[in-house]
Structures are given as structure tokens and as C-alpha cells.
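Colleague: Just dropping this structure here.
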Amino acid sequence: MYNRASSSGNSLLKQTLEPLILNHNKQTETVYGYIGNITELAKEIESLHKPGDPEYDSLQEHIQQLDGCVREYLDMLRISEGHTKTLQQIVESNTSDLSKLEETYDRLSKANTAKPLDDDSIKQDEMYQTFRLEVLRVHDPTGELDWNKPQDDDEIMLTQQTLVVTCPWTRTHFNDPIECIRCHHFYEKSEAISRIRKHGYIDCPVAGCSEKRILEANLKPNPKMAYRIKQEIARIEKEKREKAAQQAVELTDD
Ligand SMILES: [Zn+2]
């Protein structure tokens, strides 16, 4: 379909592929949403009966089915993420020879999607762990996954790390968070991009971070974190609404 090699080839390629990459990332976020919904459903099913109740065992069959769904979604994401990575590699390769594009895509995407998800890598996945952990904690609020018991204090620290939900510049809740791949801090995408375009670069504004001269190429979407950040924002906003409603009731009571 492309039969010429030209210097404008790469910018054309960038223009064509970047919206595709964005779409892929949005889809990934949507699938994380599905896994979140399945987790909520599994929690509700689990809470219907207590361990030891005669009906409890039959509930576990349903939970197992939902576990299978989560695994299937994760495998879907593995393939979709392999293709996103392929598109990114092509954009970053700065190729201007479009004649070999199809061949390159085939070769890279085969490599990026080759490794199937085994049980161990599923158990290391954060979304899967959240699913299992939240179901477990319906009846055992301090329960830990038996394959993932924290070994030392460092790991405990890591799991208790708070999720940052506001942009360090705008101080408002994230709408479209983007990650700096050098220091792993998040910024509101439009804010970071407009600052980079204005000044040529940004210094990370997060207190205590020494990362300087960050460029647009250092910013990457992180759909998994974007999903978690948005979940947390939704939780905070719901809490705020409930508190406001409660205060309104108390005021009318006075
Ligand atoms: Zn930083």
C-alpha cells in the first residue's frame, strides 16, 4: 500500500499511528473497567453466604467462573498491549521506509504477543490480585493472598503507597493522566504538553523529585494506572457527595 520511501514518511506514519495508539490505550482502560465490574459482582456473590453455610460451596462455582472471565480479559489485554507496543516501536524507530511496514509490523507483533499468560504471571497481575483479594476480604478483612504474602517491610510500604489523584500543577483531579517514564510521576496530559510546547521541556514539579528537562517523548499513557486513578477519584467524589447529603440532613434536623 505504501510504495515510496520519503523523508515525510515518518511524520505521516506518526500522524497515522498515534491516534491508533491512543485508541488502543482507551480500550485497555475500558477492559480494566470490565474487570472492575466483575470484581464488584464477585464480591456481591461472595457476601451472600458465609464459609461453612451449606450454600457456600455452590457460590464458589460462580466465583470460579468469574475468575475465568478475569483471566480471559487479561489475555485479551496481553494481545492488545502487544499490538500497542508494536505501533509504538514503529513510531519510535523513526523509519521513513514505508515499503517494509507490513513486514515489520508482522515480525514485531508476533514477538510482542508470543508469550502466553501462564498462571504465575496472572497471579502477579495487579488487577487479578485485586479481584482475588477483594473477594477474600468479604469474610476475612485482613486476609492476604497465599501466593503474595508480604515478605518484608519494603513490600508492605509498596502496597500501602497512596495513589496520587491530582495534577501537581493544576491541583485538580486528573482527567487524562499521563506518566513520566523517567520518574513515574503523573501529570494532567494537556497541562504537561502545553508547558513542554511553550518552554521546550518541563522539570518534574513533584516535591522531592529531581527529574529535569522532561520532553514530550518521555510522557507515556499508562492505562492500568489511569484506570486505578479514575476509580479512586470516583470513590472520593462519591464520599464527598454522601457527606454533603448527610450534612444537609443534619441542617434540616436542626
Ligand atoms: Zn517526578
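Chain lettering (A, B, ...) mirrors the order of the C-alpha cells, residue numbering begins at 1 for each chain separately, and ligand numbering begins at 1 in order of display.
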Report the closest atom pair, with its distance in Å rounded to one decimal, for each residue of chain A that has an atom no farther than 10 Å from ligand 1; count only C-alpha atoms and all ligand atoms, sort by chain and then rising residue number, and write it as JSON lines.
Modeller:
```
{"residue": "A:Pro168", "atom": "CA", "partner": "ligand 1", "partner_atom_place_in_ligand_line": "1 (Zn)", "distance": 9.8}
{"residue": "A:Glu179", "atom": "CA", "partner": "ligand 1", "partner_atom_place_in_ligand_line": "1 (Zn)", "distance": 9.3}
{"residue": "A:Cys180", "atom": "CA", "partner": "ligand 1", "partner_atom_place_in_ligand_line": "1 (Zn)", "distance": 7.0}
{"residue": "A:Ile181", "atom": "CA", "partner": "ligand 1", "partner_atom_place_in_ligand_line": "1 (Zn)", "distance": 9.1}
{"residue": "A:Arg182", "atom": "CA", "partner": "ligand 1", "partner_atom_place_in_ligand_line": "1 (Zn)", "distance": 7.5}
{"residue": "A:Cys183", "atom": "CA", "partner": "ligand 1", "partner_atom_place_in_ligand_line": "1 (Zn)", "distance": 4.5}
{"residue": "A:His184", "atom": "CA", "partner": "ligand 1", "partner_atom_place_in_ligand_line": "1 (Zn)", "distance": 6.3}
{"residue": "A:His185", "atom": "CA", "partner": "ligand 1", "partner_atom_place_in_ligand_line": "1 (Zn)", "distance": 4.7}
{"residue": "A:Phe186", "atom": "CA", "partner": "ligand 1", "partner_atom_place_in_ligand_line": "1 (Zn)", "distance": 7.8}
{"residue": "A:Tyr187", "atom": "CA", "partner": "ligand 1", "partner_atom_place_in_ligand_line": "1 (Zn)", "distance": 9.3}
{"residue": "A:Asp203", "atom": "CA", "partner": "ligand 1", "partner_atom_place_in_ligand_line": "1 (Zn)", "distance": 7.9}
{"residue": "A:Cys204", "atom": "CA", "partner": "ligand 1", "partner_atom_place_in_ligand_line": "1 (Zn)", "distance": 4.5}
{"residue": "A:Pro205", "atom": "CA", "partner": "ligand 1", "partner_atom_place_in_ligand_line": "1 (Zn)", "distance": 6.7}
{"residue": "A:Val206", "atom": "CA", "partner": "ligand 1", "partner_atom_place_in_ligand_line": "1 (Zn)", "distance": 5.4}
{"residue": "A:Ala207", "atom": "CA", "partner": "ligand 1", "partner_atom_place_in_ligand_line": "1 (Zn)", "distance": 8.0}
{"residue": "A:Gly208", "atom": "CA", "partner": "ligand 1", "partner_atom_place_in_ligand_line": "1 (Zn)", "distance": 8.0}
{"residue": "A:Cys209", "atom": "CA", "partner": "ligand 1", "partner_atom_place_in_ligand_line": "1 (Zn)", "distance": 4.7}
{"residue": "A:Ser210", "atom": "CA", "partner": "ligand 1", "partner_atom_place_in_ligand_line": "1 (Zn)", "distance": 6.6}
{"residue": "A:Glu211", "atom": "CA", "partner": "ligand 1", "partner_atom_place_in_ligand_line": "1 (Zn)", "distance": 5.5}
{"residue": "A:Lys212", "atom": "CA", "partner": "ligand 1", "partner_atom_place_in_ligand_line": "1 (Zn)", "distance": 8.3}
{"residue": "A:Ile214", "atom": "CA", "partner": "ligand 1", "partner_atom_place_in_ligand_line": "1 (Zn)", "distance": 9.3}
```
Colleague: Show me, as a list of chain:residue names, the residues that have an atom within 10 Å of Thr166 (chain A) when counting only C-alpha atoms, minus same-chain residues fewer than 4 positions from it.
Modeller: A:Thr170, A:Arg171, A:Thr172, A:His173, A:Phe174, A:Asn175, A:Pro177, A:Phe186, A:Tyr187, A:Glu188, A:Ile229, A:Ile233
Colleague: Tell me, as a PyMOL selection string, which residues lie within 9 Å of region 67-83 of chain A, counting only C-alpha atoms; anything in the same chain fewer than 2 positions away does not count.
Modeller: chain A and resi 21+24-25+27-28+31-32+34-35+38-39+42+62-65+85-88+105+108-117+122+125+127-128+131-132
Colleague: Atoms to include: C-alpha atoms. Write the selected residues as an mmCIF file, in the first residue's frame.
Modeller:
```cif
data_model
loop_
_atom_site.group_PDB
_atom_site.id
_atom_site.type_symbol
_atom_site.label_atom_id
_atom_site.label_comp_id
_atom_site.auth_asym_id
_atom_site.auth_seq_id
_atom_site.Cartn_x
_atom_site.Cartn_y
_atom_site.Cartn_z
ATOM 1 C CA ILE A 21 -2.154 4.019 19.896
ATOM 2 C CA HIS A 24 -5.697 1.104 21.995
ATOM 3 C CA ASN A 25 -4.988 2.713 25.358
ATOM 4 C CA GLN A 27 -9.747 0.304 25.012
ATOM 5 C CA THR A 28 -7.351 -1.100 27.569
ATOM 6 C CA VAL A 31 -11.335 -3.564 29.703
ATOM 7 C CA TYR A 32 -9.926 -2.699 33.146
ATOM 8 C CA TYR A 34 -14.943 -4.603 32.899
ATOM 9 C CA ILE A 35 -12.590 -6.400 35.278
ATOM 10 C CA ILE A 38 -16.613 -8.430 37.541
ATOM 11 C CA THR A 39 -14.797 -7.839 40.849
ATOM 12 C CA ALA A 42 -17.907 -11.459 42.646
ATOM 13 C CA HIS A 62 -19.818 -18.862 40.262
ATOM 14 C CA ILE A 63 -16.751 -17.162 41.669
ATOM 15 C CA GLN A 64 -14.585 -19.623 39.725
ATOM 16 C CA GLN A 65 -16.439 -18.732 36.520
ATOM 17 C CA LYS A 85 3.769 -1.822 21.809
ATOM 18 C CA THR A 86 4.354 -2.718 18.148
ATOM 19 C CA LEU A 87 2.818 0.563 16.988
ATOM 20 C CA GLN A 88 4.937 2.477 19.498
ATOM 21 C CA TYR A 105 4.569 -4.980 11.820
ATOM 22 C CA LEU A 108 7.305 -7.190 15.791
ATOM 23 C CA SER A 109 3.720 -8.011 16.707
ATOM 24 C CA LYS A 110 4.441 -11.752 16.554
ATOM 25 C CA ALA A 111 7.287 -11.251 19.021
ATOM 26 C CA ASN A 112 5.223 -8.930 21.239
ATOM 27 C CA THR A 113 2.249 -11.277 21.520
ATOM 28 C CA ALA A 114 4.103 -14.595 21.538
ATOM 29 C CA LYS A 115 4.342 -15.260 25.247
ATOM 30 C CA PRO A 116 1.071 -16.644 26.611
ATOM 31 C CA LEU A 117 -0.032 -15.704 30.128
ATOM 32 C CA ILE A 122 -1.620 -13.932 36.069
ATOM 33 C CA ASP A 125 -1.105 -9.066 37.766
ATOM 34 C CA MET A 127 -5.973 -6.395 38.547
ATOM 35 C CA TYR A 128 -6.127 -10.143 39.182
ATOM 36 C CA PHE A 131 -10.069 -9.356 42.219
ATOM 37 C CA ARG A 132 -8.927 -12.237 44.436
#
```
Colleague: Residues at most 10 Å from Trp147 (chain A), counting only C-alpha atoms, excluding those fewer than 5 positions away in the same chain, as a list in words?
Modeller: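 In the requested format, the answer is Asp120, Lys123, Gln124 and Gln129 of chain A.
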Colleague: Could you jot down the CA of Leu215 (chain A) to CA of Glu92 (chain A) separation for me, Å, one decimal place?
Modeller: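 Distance reported for this atom pair: 14.1 Å.
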Colleague: What parts of region 35-113 of chain A does DSSP call alpha helix (DSSP H)? I'd like the answer as a PyMOL selection string.
Modeller: chain A and resi 35-46+56-92+101-113
Colleague: Find the distance between CA of Glu134 (chain A) and CA of Lys220 (chain A) and write it in Å to one decimal.
Modeller: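 Atom-to-atom, CA of Glu134 (chain A) and CA of Lys220 (chain A) are spaced 29.2 Å apart.
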Colleague: Would you return as a PyMOL selection string the members of region 107-234 of chain A that DSSP assigns to strand (DSSP E or B) on this structure's backbone?
Modeller: chain A and resi 166+173+177-180+186-188+202+214+219-220
Colleague: If you keep C-alpha atoms, can you produce a file of those selected residues as an mmCIF file, in the first residue's frame?
Modeller:
```cif
data_model
loop_
_atom_site.group_PDB
_atom_site.id
_atom_site.type_symbol
_atom_site.label_atom_id
_atom_site.label_comp_id
_atom_site.auth_asym_id
_atom_site.auth_seq_id
_atom_site.Cartn_x
_atom_site.Cartn_y
_atom_site.Cartn_z
ATOM 1 C CA THR A 166 -4.394 15.348 41.465
ATOM 2 C CA HIS A 173 -8.394 15.744 39.931
ATOM 3 C CA PRO A 177 -3.278 11.397 33.468
ATOM 4 C CA ILE A 178 -0.001 10.754 31.674
ATOM 5 C CA GLU A 179 3.121 9.191 33.177
ATOM 6 C CA CYS A 180 6.672 10.499 33.022
ATOM 7 C CA PHE A 186 1.781 11.563 36.699
ATOM 8 C CA TYR A 187 0.639 14.881 35.217
ATOM 9 C CA GLU A 188 -2.508 16.098 33.538
ATOM 10 C CA ILE A 202 9.456 20.592 31.916
ATOM 11 C CA ILE A 214 11.482 16.164 30.559
ATOM 12 C CA LEU A 219 5.494 11.018 28.610
ATOM 13 C CA LYS A 220 3.506 7.825 28.081
#
```
